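Engineer: Got data.txt for you, compact mmCIF, C-alpha atoms and all ligand atoms:
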# COMPACT_ATOMS: atom_id res chain seq x y z
CA MET E 19 167.58 122.24 118.49
CA LYS E 20 167.98 124.68 115.63
CA LYS E 21 171.52 125.51 114.56
CA ASN E 22 172.78 129.10 114.56
CA VAL E 23 173.48 130.97 111.34
CA PHE E 24 175.21 134.33 111.22
CA VAL E 25 174.44 136.36 108.09
CA PHE E 26 177.14 138.94 107.47
CA SER E 27 175.76 140.48 104.25
CA ARG E 28 172.49 142.11 103.28
CA LEU E 29 169.79 139.49 102.74
CA ALA E 30 166.29 140.04 101.31
CA PRO E 31 163.39 139.53 103.74
CA GLU E 32 162.09 136.46 101.87
CA HIS E 33 165.52 134.83 102.16
CA GLN E 34 165.74 135.68 105.84
CA ALA E 35 162.33 134.04 106.30
CA ARG E 36 163.48 130.92 104.46
CA LEU E 37 166.56 130.63 106.67
CA ARG E 38 164.50 131.09 109.84
CA GLN E 39 162.45 128.00 109.01
CA HIS E 40 165.43 125.85 109.94
CA PHE E 41 167.90 128.03 111.83
CA ASN E 42 168.31 130.64 114.54
CA VAL E 43 169.40 133.57 112.41
CA THR E 44 171.50 136.54 113.48
CA LEU E 45 171.84 139.34 110.95
CA LEU E 46 174.79 141.70 110.94
CA ASP E 47 173.61 145.28 111.39
CA PRO E 48 175.92 147.34 109.14
CA ALA E 49 175.05 150.49 111.10
CA GLY E 50 176.14 148.93 114.40
CA ASP E 51 179.52 148.03 115.93
CA ILE E 52 180.74 145.48 113.39
CA ALA E 53 183.60 144.04 115.46
CA ALA E 54 181.36 143.60 118.51
CA GLN E 55 178.71 141.80 116.46
CA TYR E 56 181.29 139.37 115.06
CA ALA E 57 182.72 138.81 118.54
CA THR E 58 179.27 137.83 119.83
CA ALA E 59 178.00 135.86 116.85
CA LEU E 60 181.04 133.86 115.72
CA PRO E 61 181.51 131.64 118.81
CA GLU E 62 177.86 130.52 118.55
CA ALA E 63 177.60 130.14 114.77
CA HIS E 64 177.27 126.74 113.10
CA GLY E 65 176.93 128.41 109.73
CA LEU E 66 177.94 131.66 108.05
CA LEU E 67 176.31 133.22 105.01
CA GLY E 68 177.49 136.26 103.10
CA VAL E 69 180.04 137.71 100.73
CA GLY E 70 183.24 139.64 100.69
CA ARG E 71 185.00 139.55 104.06
CA PRO E 72 188.45 138.08 104.52
CA PHE E 73 188.10 134.89 106.54
CA GLY E 74 191.39 133.34 107.59
CA ARG E 75 192.69 131.69 110.74
CA ALA E 76 192.58 134.86 112.84
CA GLN E 77 188.97 135.65 111.97
CA LEU E 78 187.66 132.10 112.31
CA GLU E 79 189.58 130.92 115.40
CA PRO E 80 186.76 132.03 117.76
CA ALA E 81 184.14 130.21 115.66
CA ARG E 82 184.61 126.88 117.44
CA ARG E 83 181.21 125.44 116.43
CA LEU E 84 181.46 126.41 112.80
CA GLU E 85 180.53 123.66 110.33
CA ALA E 86 179.88 125.46 107.07
CA ILE E 87 180.25 128.77 105.26
CA ALA E 88 178.08 129.57 102.25
CA SER E 89 179.65 132.36 100.24
CA ILE E 90 177.24 134.33 98.05
CA SER E 91 179.86 134.62 95.32
CA VAL E 92 181.65 132.53 92.77
CA GLY E 93 185.10 133.75 93.92
CA TYR E 94 186.47 132.51 97.23
CA ASP E 95 189.98 133.96 97.33
CA ASN E 96 189.12 135.66 100.65
CA TYR E 97 189.11 132.29 102.44
CA ASP E 98 192.06 130.34 103.81
CA LEU E 99 191.26 126.90 102.42
CA THR E 100 194.10 125.20 104.29
CA TYR E 101 192.69 126.41 107.60
CA LEU E 102 189.13 125.45 106.64
CA ASP E 103 190.34 121.94 105.81
CA GLU E 104 192.21 121.70 109.14
CA ARG E 105 188.94 122.50 110.87
CA ASP E 106 186.73 120.42 108.56
CA ILE E 107 184.65 123.47 107.72
CA ILE E 108 182.74 123.18 104.45
CA LEU E 109 182.95 126.17 102.10
CA THR E 110 180.47 126.58 99.26
CA ASN E 111 180.17 129.16 96.47
CA THR E 112 177.57 130.07 93.83
CA PRO E 113 178.83 129.15 90.36
CA ASP E 114 176.71 129.01 87.19
CA VAL E 115 173.93 131.38 88.26
CA LEU E 116 176.06 134.48 87.66
CA THR E 117 177.92 133.38 84.53
CA GLU E 118 175.84 135.17 81.90
CA THR E 119 175.28 138.31 83.95
CA THR E 120 178.97 138.71 84.70
CA ALA E 121 179.79 138.13 81.04
CA ASP E 122 177.25 140.86 80.13
CA LEU E 123 179.09 143.25 82.41
CA GLY E 124 182.45 142.28 80.96
CA PHE E 125 181.14 143.04 77.52
CA ALA E 126 179.57 146.30 78.70
CA LEU E 127 182.99 147.39 79.97
CA LEU E 128 184.60 146.37 76.70
CA MET E 129 182.05 148.35 74.66
CA SER E 130 182.22 151.31 76.99
CA ALA E 131 186.02 151.50 76.90
CA ALA E 132 186.15 151.05 73.11
CA ARG E 133 183.40 153.59 72.26
CA ARG E 134 184.25 155.90 75.19
CA VAL E 135 180.67 155.66 76.47
CA ALA E 136 181.25 156.73 80.09
CA GLU E 137 183.68 159.47 79.12
CA LEU E 138 181.39 160.97 76.49
CA ASP E 139 178.33 160.70 78.71
CA ALA E 140 180.14 162.86 81.28
CA TRP E 141 181.26 165.20 78.47
CA VAL E 142 177.71 165.75 77.18
CA LYS E 143 176.33 166.30 80.68
CA ALA E 144 179.08 168.83 81.37
CA GLY E 145 177.70 170.88 78.47
CA HIS E 146 180.69 170.43 76.14
CA TRP E 147 178.68 169.38 73.08
CA GLN E 148 178.68 172.49 70.86
CA ALA E 149 179.35 171.00 67.41
CA ALA E 150 179.76 167.66 65.65
CA VAL E 151 182.27 165.43 67.36
CA GLY E 152 185.70 165.17 65.68
CA PRO E 153 188.45 162.54 65.68
CA ALA E 154 189.70 163.59 69.12
CA LEU E 155 186.61 161.93 70.55
CA PHE E 156 186.36 158.93 68.24
CA GLY E 157 186.55 155.45 69.67
CA CYS E 158 187.62 152.18 68.05
CA ASP E 159 185.66 149.35 66.44
CA VAL E 160 184.72 146.28 68.42
CA HIS E 161 183.33 144.01 65.69
CA GLY E 162 185.91 141.95 63.89
CA LYS E 163 188.70 142.74 66.36
CA THR E 164 190.65 139.99 68.12
CA LEU E 165 189.29 139.08 71.54
CA GLY E 166 191.85 137.64 73.98
CA ILE E 167 190.48 135.79 76.99
CA LEU E 168 192.74 135.12 79.96
CA GLY E 169 190.98 132.26 81.72
CA LEU E 170 188.51 130.40 79.51
CA GLY E 171 186.31 129.15 82.35
CA LYS E 172 182.54 129.52 82.39
CA ILE E 173 182.52 133.33 82.46
CA GLY E 174 185.42 133.58 80.02
CA ALA E 175 183.61 131.28 77.58
CA ALA E 176 180.40 133.31 77.93
CA ILE E 177 182.29 136.50 77.04
CA ALA E 178 183.96 134.72 74.13
CA ARG E 179 180.53 133.64 72.79
CA ARG E 180 179.32 137.23 72.88
CA GLY E 181 182.38 138.33 70.96
CA ARG E 182 182.46 135.48 68.46
CA PHE E 183 178.78 135.16 67.61
CA GLY E 184 177.56 138.69 68.34
CA PHE E 185 180.46 140.73 67.02
CA GLY E 186 182.33 138.43 64.65
CA MET E 187 185.49 138.60 66.75
CA PRO E 188 188.23 135.98 66.35
CA VAL E 189 188.88 134.53 69.82
CA ILE E 190 192.24 133.58 71.31
CA TYR E 191 192.76 132.40 74.88
CA HIS E 192 195.30 131.48 77.49
CA GLY E 193 194.78 129.61 80.73
CA ASN E 194 195.15 126.47 82.65
CA GLY E 195 195.49 124.01 79.78
CA ARG E 196 193.64 123.73 76.50
CA LYS E 197 189.88 123.38 76.10
CA PRO E 198 189.29 121.41 72.88
CA GLU E 199 185.48 121.59 73.10
CA LEU E 200 185.49 125.34 73.43
CA GLU E 201 188.12 125.64 70.73
CA ALA E 202 185.76 123.76 68.42
CA GLU E 203 182.66 125.71 69.48
CA LEU E 204 184.27 129.14 69.29
CA GLY E 205 186.97 128.53 66.72
CA ALA E 206 189.27 129.75 69.50
CA GLY E 207 193.05 129.48 69.32
CA TYR E 208 195.29 128.75 72.30
CA ARG E 209 198.22 131.13 72.84
CA SER E 210 200.98 131.55 75.40
CA LEU E 211 200.39 134.52 77.68
CA ASP E 212 202.93 136.64 75.83
CA GLU E 213 201.54 135.71 72.42
CA LEU E 214 198.01 136.58 73.50
CA LEU E 215 199.07 139.94 74.91
CA GLY E 216 200.84 140.82 71.70
CA GLU E 217 198.00 139.74 69.40
CA ALA E 218 194.73 140.69 71.11
CA ASP E 219 192.89 143.96 70.53
CA PHE E 220 190.91 143.31 73.72
CA VAL E 221 192.39 141.41 76.66
CA CYS E 222 189.72 140.21 79.11
CA VAL E 223 191.01 139.03 82.47
CA VAL E 224 188.73 136.33 83.88
CA VAL E 225 191.07 134.17 86.00
CA PRO E 226 190.50 133.41 89.67
CA LEU E 227 192.90 135.11 92.07
CA SER E 228 195.54 132.77 93.49
CA GLU E 229 199.25 132.90 94.29
CA ARG E 230 199.86 131.96 90.67
CA THR E 231 197.70 134.73 89.21
CA HIS E 232 198.64 137.51 91.65
CA HIS E 233 200.00 140.36 89.45
CA LEU E 234 199.74 138.13 86.40
CA ILE E 235 199.61 141.38 84.42
CA GLY E 236 202.37 143.76 85.43
CA ARG E 237 204.70 146.23 83.76
CA ARG E 238 206.35 143.60 81.52
CA GLU E 239 203.04 142.17 80.35
CA LEU E 240 201.49 145.60 79.71
CA ALA E 241 204.49 146.46 77.58
CA LEU E 242 203.69 143.45 75.37
CA MET E 243 200.20 144.76 74.55
CA LYS E 244 199.50 146.83 71.43
CA PRO E 245 199.25 150.58 72.07
CA SER E 246 195.72 150.33 70.61
CA ALA E 247 194.71 147.46 72.92
CA ILE E 248 192.08 147.63 75.66
CA LEU E 249 192.30 145.70 78.93
CA ILE E 250 189.22 144.51 80.81
CA ASN E 251 189.34 143.16 84.36
CA ILE E 252 186.25 141.55 85.87
CA ALA E 253 188.19 138.95 87.88
CA ARG E 254 189.93 140.29 90.98
CA GLY E 255 191.93 143.48 91.39
CA PRO E 256 195.24 141.94 92.47
CA VAL E 257 195.51 139.97 89.23
CA LEU E 258 196.69 143.32 87.80
CA ASP E 259 199.55 145.39 89.15
CA GLU E 260 197.42 148.52 89.53
CA PRO E 261 200.21 151.14 89.70
CA ALA E 262 201.75 149.63 86.55
CA LEU E 263 198.36 149.77 84.81
CA ILE E 264 197.82 153.38 85.84
CA GLU E 265 201.23 154.29 84.43
CA ALA E 266 200.47 152.50 81.15
CA LEU E 267 197.09 154.24 80.82
CA ARG E 268 198.50 157.65 81.71
CA GLU E 269 201.29 157.32 79.15
CA ARG E 270 198.85 155.85 76.61
CA ARG E 271 201.01 152.74 76.24
CA ILE E 272 197.68 150.94 76.03
CA GLN E 273 194.55 152.63 74.80
CA ALA E 274 192.10 152.09 77.63
CA ALA E 275 190.95 149.84 80.45
CA GLY E 276 187.56 148.75 81.72
CA LEU E 277 187.73 147.81 85.38
CA ASP E 278 185.21 146.33 87.79
CA VAL E 279 187.68 145.22 90.48
CA TYR E 280 190.68 146.80 92.24
CA GLU E 281 193.59 145.96 94.48
CA LYS E 282 191.80 147.72 97.34
CA GLU E 283 188.03 148.04 97.40
CA PRO E 284 186.08 150.28 97.70
CA LEU E 285 188.24 152.35 95.35
CA LYS E 286 188.98 155.74 96.95
CA ASP E 287 191.14 158.69 95.87
CA SER E 288 192.68 156.66 93.07
CA PRO E 289 194.79 158.12 90.24
CA LEU E 290 192.37 156.17 88.02
CA PHE E 291 189.77 158.89 88.70
CA ALA E 292 191.81 161.35 86.65
CA LEU E 293 192.18 159.04 83.66
CA PRO E 294 189.46 159.42 80.99
CA ASN E 295 190.66 156.20 79.36
CA ALA E 296 189.80 154.14 82.46
CA VAL E 297 186.19 153.04 82.93
CA THR E 298 185.74 152.33 86.62
CA LEU E 299 182.80 150.32 87.98
CA PRO E 300 182.20 149.41 91.64
CA HIS E 301 182.55 145.58 91.53
CA ILE E 302 179.11 144.93 90.03
CA GLY E 303 179.79 141.89 87.85
CA SER E 304 176.84 139.94 89.25
CA ALA E 305 174.85 142.91 90.55
CA THR E 306 171.44 142.54 88.93
CA HIS E 307 168.24 141.92 90.88
CA GLU E 308 167.66 138.56 89.20
CA THR E 309 171.19 137.24 89.59
CA ARG E 310 171.73 138.39 93.15
CA ARG E 311 168.44 136.68 94.07
CA ALA E 312 169.56 133.48 92.36
CA MET E 313 172.94 133.65 94.12
CA ALA E 314 171.32 134.09 97.54
CA GLU E 315 169.02 131.15 96.88
CA ARG E 316 171.87 128.94 95.73
CA ALA E 317 173.92 129.87 98.80
CA ILE E 318 171.01 129.19 101.16
CA ASP E 319 170.41 125.90 99.45
CA ASN E 320 174.06 124.98 99.99
CA LEU E 321 173.96 126.01 103.64
CA GLU E 322 170.76 124.08 104.32
CA ARG E 323 172.28 120.95 102.83
CA ALA E 324 175.53 121.39 104.75
CA LEU E 325 173.88 121.97 108.13
CA LEU E 326 170.81 119.74 107.81
CA GLY E 327 172.52 116.60 106.64
CA GLY E 328 172.65 116.69 102.85
CA THR E 329 175.48 117.23 100.38
CA PRO E 330 175.79 120.82 99.14
CA ARG E 331 175.94 121.25 95.38
CA ASP E 332 178.88 123.64 95.32
CA ILE E 333 181.53 122.50 97.78
CA VAL E 334 184.77 124.34 97.16
CA ASN E 335 186.90 122.19 99.51
CA PRO E 336 185.60 118.60 99.09
C1 LIG E 401 181.87 136.89 92.84
O1 LIG E 401 180.81 136.26 92.78
O2 LIG E 401 182.96 136.36 93.01
C2 LIG E 401 181.76 138.38 92.73
O3 LIG E 401 182.91 138.95 92.22
C3 LIG E 401 181.43 138.97 94.08
O4 LIG E 401 182.54 138.89 94.91
As structure tokens, please, write out the structure in this file.
Ligand code: DGY

Structural biologist:
Amino acid sequence: MKKNVFVFSRLAPEHQARLRQHFNVTLLDPAGDIAAQYATALPEAHGLLGVGRPFGRAQLEPARRLEAIASISVGYDNYDLTYLDERDIILTNTPDVLTETTADLGFALLMSAARRVAELDAWVKAGHWQAAVGPALFGCDVHGKTLGILGLGKIGAAIARRGRFGFGMPVIYHGNGRKPELEAELGAGYRSLDELLGEADFVCVVVPLSERTHHLIGRRELALMKPSAILINIARGPVLDEPALIEALRERRIQAAGLDVYEKEPLKDSPLFALPNAVTLPHIGSATHETRRAMAERAIDNLERALLGGTPRDIVNP
């Protein structure tokens, strides 16, 4: 008997076909009644595949047959791990395959905020370019500036490499303990959080969201940053206190921010929209054709192993 898999995110036809080789597959229809589809599919599902929904006790209680969830993401802060462990439900994620792509996006945000790329693109298209641009529209250098990484994990290290070897940037970092190998590779220096905030020209937030990192950067921390500093967040929105950030950007207490993630997504009617010194992207860290394909394949691979008797590569709750 084939096991049942409920897919709650968009999945390419070739990946649907692969899943159907081993499982009875139900696909969520985003145009239909979402709650009704969950109510029907969850009690039957042995496996779930997708990204982005909150899954805690309340959502998973009806899923009495559930054995495994394969998240098509590296982050898994939307899952209640304690509850999954109580129920012996395996959770997997998709590390590694999105590291370089997400680091590219982090660096794109950094460049865009520093050289005012998005702002000046809108300015040109609005027909404002009448004469040579003056200092009011100048940006700031990237090369040679100090790059501060909060969270020197795989993505943080990939951003640091871009900065160090591509742009000659001295790298400093703060996080969960020191990383001697990366310090040697990157010539990176460890700093306390406060030291890093005071010293970095660019602060890149790349920590996972947890109770410990919720609002890691708030009013006090923003006040420690240089007025010329630029903050980049490609981690999770709630790592920053968004109202405090908006205030700091509005009052130019920091120069600019490049944001891919927000406290509430999708971002709607935000005061950020009125701030030219905020670059706002729609949570696209891993959103390239190649990387999303690789993530789907890795997640399917994990789910197949979990439900067909193997050991998944990327178990989050071993
Ligand atoms: C990830 O992989 O965690 C991305 O941010 C998508 O949620």

Engineer: Write out, as a tab-separated table, each residue of chain E that has an atom at most 6 Å from ligand LIG 401 (chain E), together with the closest pair of atoms and their distance in Å to one decimal, counting all atoms listed in the file, rows going by chain and rising number.

Structural biologist:
residue	atom	partner	partner_atom	distance
E:Gly70	CA	E:LIG401	O4	5.9
E:Ser91	CA	E:LIG401	O1	3.2
E:Val92	CA	E:LIG401	O1	3.8
E:Gly93	CA	E:LIG401	O2	3.5

Engineer: Near segment 166-172 of chain E, counting only C-alpha atoms, which residues have an atom at most 7 Å away, once you skip same-chain residues fewer than 5 positions from it, shown as an MDAnalysis selection string?

Structural biologist: chainID E and resid 117 189:193 214 218 220:225

Engineer: Rank nothing, just name the residue among E:Arg311, E:Thr231, E:Leu127, E:Tyr208 nearest to Val297 of chain E, using all atoms listed in the file.

Structural biologist: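 The answer is E:Leu127, which sits nearest to Val297 of chain E.
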
Engineer: Nearest residue to Ile235 of chain E out of E:Glu260, E:Gln34, E:Glu213, E:Ala144, using all atoms listed in the file?

Structural biologist: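 Under the stated criterion, the closest residue is E:Glu260.
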
Engineer: Identify which of the residues E:Ala247, E:Ala126, E:Leu66, E:Leu290 lies closest to Leu263 of chain E, counting only C-alpha atoms when measuring atom-to-atom distances.

Structural biologist: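 Using only C-alpha atoms, Leu263 of chain E sits closest to E:Leu290.
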
Engineer: Check the smallest atom-to-atom distance from each of E:Arg83, E:His233, E:Asp212, E:Phe125 to Arg182 of chain E using all atoms listed in the file, then report the winner.

Structural biologist: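 Counting all atoms listed in the file, the residue closest to Arg182 of chain E is E:Phe125.
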
Engineer: For the atom pair atom CA of Arg238 of chain E and atom CA of Glu201 of chain E, what is the interatomic distance in Å to one decimal place?

Structural biologist: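 Atom CA of Glu201 of chain E lies at a distance of 27.8 Å from atom CA of Arg238 of chain E.
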
Engineer: Can you tell me which residues surround Arg134 of chain E at a distance of at most 9 Å, considering only C-alpha atoms, apart from same-chain residues fewer than 4 positions away, and format the answer as an mmCIF file with C-alpha atoms, keeping the file's coordinate frame?

Structural biologist:
data_model
loop_
_atom_site.group_PDB
_atom_site.id
_atom_site.type_symbol
_atom_site.label_atom_id
_atom_site.label_comp_id
_atom_site.auth_asym_id
_atom_site.auth_seq_id
_atom_site.Cartn_x
_atom_site.Cartn_y
_atom_site.Cartn_z
ATOM 1 C CA MET E 129 182.050 148.350 74.660
ATOM 2 C CA SER E 130 182.220 151.310 76.990
ATOM 3 C CA LEU E 138 181.390 160.970 76.490
ATOM 4 C CA ASP E 139 178.330 160.700 78.710
ATOM 5 C CA LEU E 155 186.610 161.930 70.550
ATOM 6 C CA PHE E 156 186.360 158.930 68.240
ATOM 7 C CA GLY E 157 186.550 155.450 69.670
ATOM 8 C CA CYS E 158 187.620 152.180 68.050
ATOM 9 C CA PRO E 294 189.460 159.420 80.990
ATOM 10 C CA ASN E 295 190.660 156.200 79.360
ATOM 11 C CA VAL E 297 186.190 153.040 82.930
#

Engineer: Between atom CA of Glu229 of chain E and atom CA of Ile252 of chain E, what is the distance, to one decimal in Å?

Structural biologist: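 These atoms are spaced 17.7 Å apart.
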
Engineer: Find the residues around Tyr101 of chain E up to 8 Å (all atoms listed in the file counted), leave out those fewer than 3 positions away in its own chain, and share them as a PDB file with C-alpha atoms, in the frame of the given file.

Structural biologist:
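Result saved to out-v4.pdb:
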ATOM      1  CA  GLY E  74     191.390 133.340 107.590  1.00  0.00           C
ATOM      2  CA  ARG E  75     192.690 131.690 110.740  1.00  0.00           C
ATOM      3  CA  ASP E  98     192.060 130.340 103.810  1.00  0.00           C
ATOM      4  CA  GLU E 104     192.210 121.700 109.140  1.00  0.00           C
ATOM      5  CA  ARG E 105     188.940 122.500 110.870  1.00  0.00           C
TER       6      ARG E 105
END

Engineer: Which of these residues is nearest to Ile318 of chain E, using all atoms listed in the file: E:Ala30, E:Leu102, E:Ala176, E:Leu234?

Structural biologist: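 The shortest atom-to-atom distance to Ile318 of chain E comes from E:Ala30.
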
Engineer: Which residues come within 12 Å of Asn111 of chain E, counting only C-alpha atoms, excluding same-chain residues fewer than 3 positions away, as a short mmCIF file (atom, residue, chain, number, x, y, z; two decimals) with C-alpha atoms, in the coordinates of the input?

Structural biologist:
data_model
loop_
_atom_site.label_atom_id
_atom_site.label_comp_id
_atom_site.auth_asym_id
_atom_site.auth_seq_id
_atom_site.Cartn_x
_atom_site.Cartn_y
_atom_site.Cartn_z
CA LEU E 67 176.31 133.22 105.01
CA GLY E 68 177.49 136.26 103.10
CA VAL E 69 180.04 137.71 100.73
CA GLY E 70 183.24 139.64 100.69
CA ALA E 86 179.88 125.46 107.07
CA ILE E 87 180.25 128.77 105.26
CA ALA E 88 178.08 129.57 102.25
CA SER E 89 179.65 132.36 100.24
CA ILE E 90 177.24 134.33 98.05
CA SER E 91 179.86 134.62 95.32
CA VAL E 92 181.65 132.53 92.77
CA GLY E 93 185.10 133.75 93.92
CA TYR E 94 186.47 132.51 97.23
CA ASP E 95 189.98 133.96 97.33
CA ASN E 96 189.12 135.66 100.65
CA TYR E 97 189.11 132.29 102.44
CA ILE E 108 182.74 123.18 104.45
CA ASP E 114 176.71 129.01 87.19
CA VAL E 115 173.93 131.38 88.26
CA LEU E 116 176.06 134.48 87.66
CA MET E 313 172.94 133.65 94.12
CA ALA E 314 171.32 134.09 97.54
CA GLU E 315 169.02 131.15 96.88
CA ARG E 316 171.87 128.94 95.73
CA ALA E 317 173.92 129.87 98.80
CA ILE E 318 171.01 129.19 101.16
CA ASP E 319 170.41 125.90 99.45
CA ASN E 320 174.06 124.98 99.99
CA LEU E 321 173.96 126.01 103.64
CA PRO E 330 175.79 120.82 99.14
CA ARG E 331 175.94 121.25 95.38
CA ASP E 332 178.88 123.64 95.32
CA ILE E 333 181.53 122.50 97.78
CA VAL E 334 184.77 124.34 97.16
CA ASN E 335 186.90 122.19 99.51
#

Engineer: Between atom CA of Gly236 of chain E and atom CA of Ala262 of chain E, what distance in Å does the model show, to one decimal?

Structural biologist: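 For atom CA of Gly236 of chain E relative to atom CA of Ala262 of chain E, the distance reads 6.0 Å.
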
Engineer: For Ala63 of chain E, please output as a PyMOL selection string all residues within 10 Å (counting all atoms listed in the file; exclusion window: fewer than 5 positions along the same chain).

Structural biologist: chain E and resi 21-25+42-44+56+58+80-87

Engineer: For Leu277 of chain E, which of E:Gly145, E:Lys163, E:Ser246, E:Ala131 is the closest residue, counting all atoms listed in the file?

Structural biologist: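 The shortest atom-to-atom distance to Leu277 of chain E comes from E:Ala131.
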
Engineer: So which residues fall inside 12 Å of (190.0, 161.8, 83.5) if we count all atoms listed in the file? Mind giving them as a ChimeraX atom specification?

Structural biologist: /E:134,136-138,140-141,264,267-268,274,288-298

Engineer: Listed atoms of segment 56-75 of chain E, axis-aligned box, 3 Å per side: centre and edge lengths to one decimal in Å, as AutoDock Vina command-line options?

Structural biologist:
--center_x 184.5 --center_y 133.2 --center_z 110.3 --size_x 22.4 --size_y 18.9 --size_z 25.1

Engineer: For segment 207-220 of chain E, which lacks atoms in the input, supply N, CA and C atoms and format the output as a PDB file, keeping the file's coordinate frame.

Structural biologist:
ATOM      1  N   GLY E 207     191.671 129.955  69.395  1.00  0.00           N
ATOM      2  CA  GLY E 207     193.050 129.480  69.320  1.00  0.00           C
ATOM      3  C   GLY E 207     193.765 129.665  70.656  1.00  0.00           C
ATOM      4  N   TYR E 208     194.528 128.643  71.059  1.00  0.00           N
ATOM      5  CA  TYR E 208     195.290 128.750  72.300  1.00  0.00           C
ATOM      6  C   TYR E 208     196.585 129.514  72.026  1.00  0.00           C
ATOM      7  N   ARG E 209     196.979 130.374  72.968  1.00  0.00           N
ATOM      8  CA  ARG E 209     198.220 131.130  72.840  1.00  0.00           C
ATOM      9  C   ARG E 209     198.943 131.102  74.183  1.00  0.00           C
ATOM     10  N   SER E 210     200.263 131.288  74.146  1.00  0.00           N
ATOM     11  CA  SER E 210     200.980 131.550  75.400  1.00  0.00           C
ATOM     12  C   SER E 210     200.524 132.920  75.887  1.00  0.00           C
ATOM     13  N   LEU E 211     200.800 133.215  77.150  1.00  0.00           N
ATOM     14  CA  LEU E 211     200.390 134.520  77.680  1.00  0.00           C
ATOM     15  C   LEU E 211     200.983 135.655  76.840  1.00  0.00           C
ATOM     16  N   ASP E 212     202.268 135.549  76.558  1.00  0.00           N
ATOM     17  CA  ASP E 212     202.930 136.640  75.830  1.00  0.00           C
ATOM     18  C   ASP E 212     202.379 136.786  74.416  1.00  0.00           C
ATOM     19  N   GLU E 213     202.112 135.646  73.777  1.00  0.00           N
ATOM     20  CA  GLU E 213     201.540 135.710  72.420  1.00  0.00           C
ATOM     21  C   GLU E 213     200.175 136.399  72.445  1.00  0.00           C
ATOM     22  N   LEU E 214     199.353 135.997  73.426  1.00  0.00           N
ATOM     23  CA  LEU E 214     198.010 136.580  73.500  1.00  0.00           C
ATOM     24  C   LEU E 214     198.086 138.087  73.708  1.00  0.00           C
ATOM     25  N   LEU E 215     198.975 138.498  74.614  1.00  0.00           N
ATOM     26  CA  LEU E 215     199.070 139.940  74.910  1.00  0.00           C
ATOM     27  C   LEU E 215     199.503 140.723  73.671  1.00  0.00           C
ATOM     28  N   GLY E 216     200.349 140.123  72.872  1.00  0.00           N
ATOM     29  CA  GLY E 216     200.840 140.820  71.700  1.00  0.00           C
ATOM     30  C   GLY E 216     199.846 140.856  70.543  1.00  0.00           C
ATOM     31  N   GLU E 217     198.883 139.910  70.558  1.00  0.00           N
ATOM     32  CA  GLU E 217     198.000 139.740  69.400  1.00  0.00           C
ATOM     33  C   GLU E 217     196.594 140.324  69.610  1.00  0.00           C
ATOM     34  N   ALA E 218     196.135 140.337  70.860  1.00  0.00           N
ATOM     35  CA  ALA E 218     194.730 140.690  71.110  1.00  0.00           C
ATOM     36  C   ALA E 218     194.497 142.195  71.017  1.00  0.00           C
ATOM     37  N   ASP E 219     193.315 142.561  70.497  1.00  0.00           N
ATOM     38  CA  ASP E 219     192.890 143.960  70.530  1.00  0.00           C
ATOM     39  C   ASP E 219     192.186 144.244  71.856  1.00  0.00           C
ATOM     40  N   PHE E 220     191.541 143.210  72.402  1.00  0.00           N
ATOM     41  CA  PHE E 220     190.910 143.310  73.720  1.00  0.00           C
ATOM     42  C   PHE E 220     191.429 142.153  74.561  1.00  0.00           C
TER      43      PHE E 220
END
